[in-house]
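Source file work22.pdb; content: PDB, C-alpha atoms and all ligand atoms.
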```pdb
ATOM      1  CA  MET O 300      19.814   5.440   8.297
ATOM      2  CA  ARG O 301      18.194   5.703   4.838
ATOM      3  CA  ILE O 302      14.411   6.071   5.072
ATOM      4  CA  VAL O 303      12.162   4.790   2.280
ATOM      5  CA  LEU O 304       8.553   5.923   1.936
ATOM      6  CA  THR O 305       5.822   4.394  -0.226
ATOM      7  CA  TYR O 306       2.030   4.661  -0.489
ATOM      8  CA  GLY O 307      -0.936   2.584  -1.574
ATOM      9  CA  THR O 308      -4.369   1.239  -0.722
ATOM     10  CA  PHE O 309      -3.260  -2.413  -0.468
ATOM     11  CA  ASP O 310      -6.822  -3.744  -0.694
ATOM     12  CA  LEU O 311      -7.182  -7.538  -1.160
ATOM     13  CA  PHE O 312      -3.426  -7.806  -0.474
ATOM     14  CA  HIS O 313      -1.746  -9.684  -3.322
ATOM     15  CA  ILE O 314       1.663 -10.722  -4.704
ATOM     16  CA  GLY O 315       2.104  -7.393  -6.559
ATOM     17  CA  HIS O 316       1.930  -5.625  -3.180
ATOM     18  CA  VAL O 317       4.382  -8.080  -1.590
ATOM     19  CA  ARG O 318       6.945  -7.549  -4.366
ATOM     20  CA  LEU O 319       6.531  -3.771  -4.345
ATOM     21  CA  LEU O 320       7.177  -3.633  -0.579
ATOM     22  CA  GLN O 321      10.121  -6.048  -0.803
ATOM     23  CA  ARG O 322      11.693  -3.959  -3.600
ATOM     24  CA  ALA O 323      11.036  -0.692  -1.765
ATOM     25  CA  ARG O 324      12.818  -1.991   1.324
ATOM     26  CA  THR O 325      15.988  -2.772  -0.690
ATOM     27  CA  PHE O 326      16.462   0.982  -1.343
ATOM     28  CA  GLY O 327      17.113   1.806   2.320
ATOM     29  CA  ASP O 328      17.270   0.762   5.967
ATOM     30  CA  LYS O 329      13.746   1.597   7.101
ATOM     31  CA  LEU O 330      10.497   1.286   5.152
ATOM     32  CA  VAL O 331       7.496   3.449   6.075
ATOM     33  CA  VAL O 332       4.229   2.711   4.246
ATOM     34  CA  GLY O 333       1.361   5.171   3.887
ATOM     35  CA  VAL O 334      -1.882   3.195   3.630
ATOM     36  CA  SER O 335      -4.887   5.106   2.240
ATOM     37  CA  SER O 336      -7.594   5.616   4.833
ATOM     38  CA  ASP O 337     -11.185   4.607   3.962
ATOM     39  CA  LYS O 338     -12.171   8.293   3.862
ATOM     40  CA  PHE O 339      -9.329   9.172   1.471
ATOM     41  CA  ASN O 340     -10.314   6.249  -0.765
ATOM     42  CA  GLU O 341     -13.853   7.636  -0.879
ATOM     43  CA  GLU O 342     -12.410  10.995  -2.007
ATOM     44  CA  LYS O 343     -10.555   9.126  -4.765
ATOM     45  CA  GLY O 344     -13.824   7.463  -5.786
ATOM     46  CA  LYS O 345     -12.583   4.047  -4.590
ATOM     47  CA  LYS O 346     -14.213   1.714  -2.099
ATOM     48  CA  SER O 347     -11.971  -0.909  -0.570
ATOM     49  CA  ILE O 348     -13.365  -4.318   0.360
ATOM     50  CA  ILE O 349     -11.030  -4.622   3.355
ATOM     51  CA  CYS O 350     -11.262  -1.819   5.958
ATOM     52  CA  TYR O 351      -8.299   0.473   6.758
ATOM     53  CA  GLU O 352      -7.499  -1.197  10.112
ATOM     54  CA  HIS O 353      -7.114  -4.622   8.496
ATOM     55  CA  ARG O 354      -5.250  -3.337   5.406
ATOM     56  CA  ALA O 355      -2.833  -1.469   7.701
ATOM     57  CA  ALA O 356      -2.384  -4.539   9.957
ATOM     58  CA  ILE O 357      -1.615  -6.795   6.970
ATOM     59  CA  VAL O 358       0.966  -4.349   5.561
ATOM     60  CA  ALA O 359       2.488  -3.880   9.047
ATOM     61  CA  ALA O 360       2.807  -7.665   9.434
ATOM     62  CA  MET O 361       5.301  -7.864   6.550
ATOM     63  CA  LYS O 362       8.845  -8.203   7.799
ATOM     64  CA  ASP O 363      10.082  -5.659   5.220
ATOM     65  CA  VAL O 364       7.791  -2.981   6.688
ATOM     66  CA  ASP O 365       8.985  -0.986   9.691
ATOM     67  CA  ASP O 366       6.124   1.454  10.110
ATOM     68  CA  VAL O 367       2.634   2.143   8.754
ATOM     69  CA  ILE O 368       0.965   5.552   8.683
ATOM     70  CA  SER O 369      -2.438   6.451   7.299
ATOM     71  CA  GLU O 370      -2.673   8.587   4.169
ATOM     72  CA  ASP O 371      -5.632  10.916   4.493
ATOM     73  CA  SER O 372      -5.210  13.461   1.700
ATOM     74  CA  TRP O 373      -3.460  14.113  -1.629
ATOM     75  CA  ASN O 374      -1.168  16.796  -0.220
ATOM     76  CA  GLN O 375       0.095  14.702   2.706
ATOM     77  CA  LYS O 376       3.083  13.199   0.876
ATOM     78  CA  GLU O 377       5.152  16.388   0.934
ATOM     79  CA  THR O 378       4.516  16.875   4.677
ATOM     80  CA  ASP O 379       5.392  13.219   5.379
ATOM     81  CA  ILE O 380       8.637  13.370   3.356
ATOM     82  CA  LYS O 381       9.758  16.410   5.342
ATOM     83  CA  LYS O 382       8.490  15.228   8.744
ATOM     84  CA  LEU O 383       9.961  11.724   8.431
ATOM     85  CA  ASN O 384      13.121  12.980   6.738
ATOM     86  CA  ALA O 385      12.535  10.423   3.999
ATOM     87  CA  ASP O 386      15.473   9.882   1.634
ATOM     88  CA  ILE O 387      13.503   8.190  -1.128
ATOM     89  CA  LEU O 388       9.901   7.934  -2.315
ATOM     90  CA  VAL O 389       9.200   4.633  -4.093
ATOM     91  CA  MET O 390       6.077   4.091  -6.221
ATOM     92  CA  GLY O 391       4.960   1.506  -8.764
ATOM     93  CA  ASP O 392       5.541   2.553 -12.374
ATOM     94  CA  ASP O 393       1.796   3.106 -12.904
ATOM     95  CA  TRP O 394       2.669   6.439 -11.190
ATOM     96  CA  GLU O 395       5.644   7.154 -13.540
ATOM     97  CA  GLY O 396       6.335  10.913 -13.670
ATOM     98  CA  LYS O 397       3.494  11.807 -11.260
ATOM     99  CA  PHE O 398       5.759  12.576  -8.294
ATOM    100  CA  ASP O 399       8.789  14.077 -10.061
ATOM    101  CA  HIS O 400       8.088  17.424  -8.371
ATOM    102  CA  PHE O 401       9.316  15.886  -5.091
ATOM    103  CA  ARG O 402      12.804  15.405  -6.559
ATOM    104  CA  ASP O 403      13.942  18.664  -4.932
ATOM    105  CA  ILE O 404      13.207  17.256  -1.434
ATOM    106  CA  CYS O 405      14.028  13.540  -1.863
ATOM    107  CA  GLU O 406      14.950  10.876  -4.384
ATOM    108  CA  VAL O 407      11.971   9.506  -6.374
ATOM    109  CA  LYS O 408      11.998   5.998  -7.828
ATOM    110  CA  TYR O 409       9.325   4.212  -9.891
ATOM    111  CA  VAL O 410       9.584   0.425  -9.826
ATOM    112  CA  PRO O 411       8.046  -2.018 -12.324
ATOM    113  CA  ARG O 412       4.637  -3.411 -11.374
ATOM    114  CA  THR O 413       4.051  -7.142 -11.198
ATOM    115  CA  HIS O 414       2.213  -8.134 -14.359
ATOM    116  CA  GLY O 415      -1.131  -9.917 -14.379
ATOM    117  CA  ILE O 416      -2.500  -8.953 -10.977
ATOM    118  CA  SER O 417      -4.216  -5.941  -9.410
ATOM    119  CA  THR O 418      -6.875  -5.179  -6.824
ATOM    120  CA  SER O 419      -9.224  -4.005  -9.590
ATOM    121  CA  GLN O 420      -8.829  -7.345 -11.324
ATOM    122  CA  LEU O 421      -9.564  -9.243  -8.084
ATOM    123  CA  LYS O 422     -12.637  -7.058  -7.500
ATOM    124  CA  GLU O 423     -13.894  -8.028 -10.967
ATOM    125  CA  VAL O 424     -13.510 -11.693 -10.022
ATOM    126  CA  LEU O 425     -15.489 -11.083  -6.809
ATOM    127  CA  LYS O 426     -18.370  -9.239  -8.522
ATOM    128  CA  PRO O 427     -20.576 -12.301  -9.083
ATOM    129  CA  PHE O 428     -20.228 -13.339  -5.425
ATOM    130  CA  SER O 429     -23.003 -12.675  -2.889
ATOM    131  CA  SER O 430     -22.504 -10.358   0.089
ATOM    132  CA  LYS O 431     -22.446 -13.448   2.363
ATOM    133  CA  GLU O 432     -19.540 -14.886   0.365
ATOM    134  CA  ILE O 433     -17.698 -11.556   0.427
ATOM    135  CA  SER O 434     -18.268 -11.351   4.181
ATOM    136  CA  ASP O 435     -16.758 -14.866   4.532
ATOM    137  CA  LEU O 436     -13.777 -13.682   2.482
ATOM    138  CA  LYS O 437     -13.314 -10.728   4.857
ATOM    139  CA  ASP O 438     -13.325 -13.205   7.778
ATOM    140  CA  SER O 439     -10.601 -15.223   6.018
ATOM    141  CA  PHE O 440      -8.479 -12.060   5.771
ATOM    142  CA  THR O 441      -8.945 -11.513   9.521
ATOM    143  CA  THR O 442      -7.854 -15.112  10.178
ATOM    144  CA  LEU O 443      -4.827 -14.615   7.894
ATOM    145  CA  GLU O 444      -3.966 -11.350   9.668
ATOM    146  CA  ASN O 445      -4.139 -13.051  13.124
ATOM    147  CA  PHE O 446      -2.077 -15.977  11.864
ATOM    148  CA  ILE O 447       0.676 -13.665  10.527
ATOM    149  CA  ARG O 448       0.621 -11.726  13.830
ATOM    150  CA  GLN O 449       1.114 -14.977  15.789
ATOM    151  CA  LEU O 450       3.962 -16.033  13.464
ATOM    152  CA  ASN O 451       5.682 -12.701  14.112
ATOM    153  CA  GLY O 452       5.266 -13.214  17.868
TER     154      GLY O 452
HETATM  155  N1  LIG A 501       1.614  -2.652  -7.389
HETATM  156  C1  LIG A 501       2.577  -3.395  -8.071
HETATM  157  N2  LIG A 501       2.173  -4.450  -8.866
HETATM  158  C2  LIG A 501       0.867  -4.746  -8.982
HETATM  159  C3  LIG A 501      -0.113  -4.005  -8.290
HETATM  160  C4  LIG A 501       0.301  -2.950  -7.479
HETATM  161  O1  LIG A 501       3.772  -3.127  -7.980
HETATM  162  N3  LIG A 501       0.513  -5.743  -9.777
HETATM  163  C5  LIG A 501       2.057  -1.514  -6.570
HETATM  164  C6  LIG A 501       1.445  -0.201  -7.069
HETATM  165  O2  LIG A 501       2.184   0.294  -8.171
HETATM  166  C7  LIG A 501       1.567   0.670  -5.841
HETATM  167  C8  LIG A 501       1.386  -0.338  -4.676
HETATM  168  O3  LIG A 501       1.588  -1.650  -5.244
HETATM  169  O4  LIG A 501       2.860   1.255  -5.755
HETATM  170  C9  LIG A 501       0.000  -0.254  -4.065
HETATM  171  O5  LIG A 501      -0.919  -0.421  -5.139
HETATM  172  P1  LIG A 501      -2.498  -0.394  -5.001
HETATM  173  O6  LIG A 501      -3.028   0.726  -5.808
HETATM  174  O7  LIG A 501      -2.918  -0.489  -3.601
HETATM  175  O8  LIG A 501      -2.833  -1.805  -5.715
HETATM  176  P2  LIG A 501      -3.407  -2.110  -7.148
HETATM  177  O9  LIG A 501      -3.453  -3.576  -7.286
HETATM  178  O10 LIG A 501      -2.655  -1.342  -8.190
HETATM  179  O11 LIG A 501      -4.884  -1.522  -6.989
HETATM  180  P3  LIG A 501      -5.910  -0.978  -8.107
HETATM  181  O12 LIG A 501      -6.146  -2.071  -9.083
HETATM  182  O13 LIG A 501      -7.144  -0.596  -7.304
HETATM  183  O14 LIG A 501      -5.248   0.241  -8.731
END
```
Full structure transcribed into structure tokens:
Amino acid sequence: MRIVLTYGTFDLFHIGHVRLLQRARTFGDKLVVGVSSDKFNEEKGKKSIICYEHRAAIVAAMKDVDDVISEDSWNQKETDIKKLNADILVMGDDWEGKFDHFRDICEVKYVPRTHGISTSQLKEVLKPFSSKEISDLKDSFTTLENFIRQLNG
């Protein structure tokens, strides 16, 4: 059983996230995804539009994903790799070289990002919208999440 581990915030879930998770899964038999908690995002100076519970539920609903854990601090990756016995850490190539120091405990692979889309870009698009419209968007994500859950039985 080859265990793959990857991490991200996965806010405003988009096609770049889907492709990253699909690619990550091809490197092993089980894919575990660390989703940044809201508190950890704050530490990173980020504020996600979608809360942790919903981001984690959306990631967990993907058929390529076997397990979701929350990522709460920068130094958690090393503990997770050891605890989960992960064989490979997969990250998008925006992180190229940043996790090479884990090569003595597992394989590290950087995969190409999908061009032309990112959460930051989507946030820019949402900027002119009112808080009511953003709240409606959040409701749509909840509906989408429930729909995917039903599809997966
Ligand atoms: N990712 C990707 N292609 C994209 C966007 C993200 O492959 N177009 C990958 C990232 O490299 C990372 C994972 O998806 O491994 C989670 O990325 P995340 O930071 O949550 O999404 P971004 O869209 O990159 O968010 P931001 O713009 O806030 O950095």
Smallest atom-to-atom distance to O:His316: which of O:Glu444, O:Glu423, O:Asp363, O:Asp379, using only C-alpha atoms?
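Using only C-alpha atoms, the shortest distance to O:His316 belongs to O:Asp363.
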Name every residue that the PyMOL selection byres (((not hetatm)) within 9 of (chain A and resi 501)) selects in this structure, writing the answer as a PyMOL selection string with chains first and numbers rising.
chain O and resi 305-320+334-335+345+347+389-394+409-422
Point (8.8, 0.8, 1.2) neighbourhood (7 Å, all atoms listed in the file) written as a PyMOL selection string
chain O and resi 303-305+320+323-324+330-332+364+389
Find the residues of stretch 341-424 of chain O that sit at most 12 Å from stretch 436-439 of chain O; for each, write down the nearest two atoms and how far apart they are in Å, to one decimal. Count only C-alpha atoms. Sort by chain, then by number going up, and give it as a Markdown table.
```
| residue | atom | partner | partner_atom | distance |
| --- | --- | --- | --- | --- |
| O:Ser347 | CA | O:Lys437 | CA | 11.3 |
| O:Ile348 | CA | O:Lys437 | CA | 7.8 |
| O:Ile349 | CA | O:Lys437 | CA | 6.7 |
| O:Cys350 | CA | O:Lys437 | CA | 9.2 |
| O:His353 | CA | O:Lys437 | CA | 9.4 |
| O:Arg354 | CA | O:Lys437 | CA | 11.0 |
```
Box dimensions and centre (Å, one decimal) enclosing stretch 303-321 of chain O, axis-aligned, 5 Å extra per side, as lines of an AutoDock Vina configuration file:
```
center_x = 2.5
center_y = -2.4
center_z = -2.1
size_x = 29.3
size_y = 26.6
size_z = 18.8
```
Counting only C-alpha atoms, the option among O:Lys376, O:Lys346, O:Lys382, O:Lys408 closest to O:Thr325
O:Lys408
Any chance you could work out the residue set of the PyMOL selection byres (((chain O and resi 373) around 12) and not hetatm) here, as an NGL selection string?
:O and (306-307 or 333 or 335-336 or 338-340 or 342-343 or 369-372 or 374-379 or 398)
Could you name the residues that touch O:Asn445 at 10 Å or less, counting only C-alpha atoms, but leaving out those on the same chain fewer than 4 positions away, as a ChimeraX atom specification?
/O:356-357,360,439-441,449-451
Measuring between only C-alpha atoms, which one of O:Lys329, O:Lys431, O:Ile387, O:Gly396 shows the shortest distance to O:Val367?
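Using only C-alpha atoms, the shortest distance to O:Val367 belongs to O:Lys329.
The nearest approach to O:Gln321 among the residues O:Lys362, O:Lys381, O:Arg301, O:His400, with all atoms listed in the file taken into account, belongs to O:Lys362.
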